[in-house]
Amino acid sequence: MANSISPGLGGGSHGPKKHYVPDAVVFRTKPEIALALVDRARANGVRVRAWTCDELYGRTSAFLDGLDQRGQVFVAEVPTNFHGWLTKPRVLRKGPTRPRRGRPKTYPRLAAKASSCEVGNLLRYSPVFRRQAWRRYRVKDTTRGPEVWEVKWAAFGRKADDGLPSRRQCLMVIRNVVTGDVKYFVSNRVPGDPGISLRFLLRVAVSRWSVEDCFRQAKEELGLDHYEVRGWRCVHRHFYLTQLSQLFCARLRQTFAAQNARDDSLEPLSLEAVRRAVNAWLQATTTPTSKTERL
């Protein structure tokens, strides 16, 4: 978000205002920013067994290609109109010996009648999926009960930016047994590869919701989205303080969770409970006793 702020905007009747955006900052799309963050994490020694992302990143072939080129495993959610092939299409590597009239064609290119198909239609009409039974997996236990998903998968070649198929990958379709929601995921690893199972790919696919829950908690409990500033430094200062507060509350939750585990009568602490306890403690220890101290 901050990378899209321009230093000359927002003047109104008082003329242009500076937002103090560094000159080195240039516009980048979210997938481009994400790849840069992956590179920075890897440079800092962070090793991830598999990355996952939502449709905004999954539908961007350049982002998936970037992860693949870096040797990173991904399980990316894709929209229903994402294109690819279940059988490898014929690719023409060179043209005819005698050039034909008209504009010259580029090679390599797909042969005639080798067009790709939307993943939503593959699930409905492809015999590979229609003849395949749903496989049910209990992913984890939550406060609302067990989380269970049904899965179908097939070897898949996704349509890359150049219109050609990628190397052999995996198309996984999952369905929530409670809500009936259907989601599509593409991975550059296939069940049966060393260290890769269908259960592992499923767990990676649904693990993103825990990250989204962190953002929800930060917004609802710690005011991540409660800012009314436009300056580069002000926005970053607000985000840093919010994230530091969330880290502090998470550490307290972990500390007291270990104590609660030894006493079955105590309920697990939520982030909201930790925040209220910290606010009560701050109010009790920092309440001013005179007008001078309040200044």
# chains A, B, ... in the order shown; residues from 1 in each chain; ligands from 1

$ residues_around --residues "Leu171 (chain A)" --least-positions-apart "3" --cutoff "7 Å" --atoms "only C-alpha atoms" --output "PyMOL selection string"
chain A and resi 153-156+185-187

$ residues_around --residues "Leu247 (chain A)" --least-positions-apart "2" --cutoff "12 Å" --atoms "only C-alpha atoms" --output "PDB file with C-alpha atoms, in the first residue's frame"
ATOM      1  CA  CYS A 214      -3.554 -12.579  12.757  1.00  0.00           C
ATOM      2  CA  GLN A 217      -6.875  -9.671  15.446  1.00  0.00           C
ATOM      3  CA  ALA A 218      -4.483  -6.824  14.713  1.00  0.00           C
ATOM      4  CA  LEU A 222      -4.951  -3.495  18.314  1.00  0.00           C
ATOM      5  CA  TYR A 240       5.443  -0.949  13.622  1.00  0.00           C
ATOM      6  CA  LEU A 241       3.784  -0.112  16.942  1.00  0.00           C
ATOM      7  CA  THR A 242       0.772  -2.269  16.121  1.00  0.00           C
ATOM      8  CA  GLN A 243       2.913  -5.247  15.157  1.00  0.00           C
ATOM      9  CA  LEU A 244       5.104  -4.814  18.250  1.00  0.00           C
ATOM     10  CA  SER A 245       1.987  -4.735  20.436  1.00  0.00           C
ATOM     11  CA  CYS A 249       0.415  -9.949  23.481  1.00  0.00           C
ATOM     12  CA  ALA A 250       1.276 -13.178  21.657  1.00  0.00           C
ATOM     13  CA  ARG A 251       4.257 -13.743  23.962  1.00  0.00           C
ATOM     14  CA  LEU A 252       2.033 -13.233  27.006  1.00  0.00           C
ATOM     15  CA  ARG A 253      -0.485 -15.720  25.595  1.00  0.00           C
ATOM     16  CA  GLN A 254       2.245 -18.315  25.171  1.00  0.00           C
ATOM     17  CA  LEU A 271      -5.721 -12.038  22.405  1.00  0.00           C
ATOM     18  CA  VAL A 274      -4.607 -10.377  27.044  1.00  0.00           C
ATOM     19  CA  ARG A 275      -5.187  -6.889  25.640  1.00  0.00           C
TER      20      ARG A 275
END

$ closest_residue --among "A:Thr52, A:Asn44, A:Thr29, A:Thr255" --to "Val211 (chain A)" --atoms "only C-alpha atoms"
A:Thr52

$ atom_distance --atom1 "CA of Arg276 (chain A)" --atom2 "CA of Gly145 (chain A)"
26.7 Å
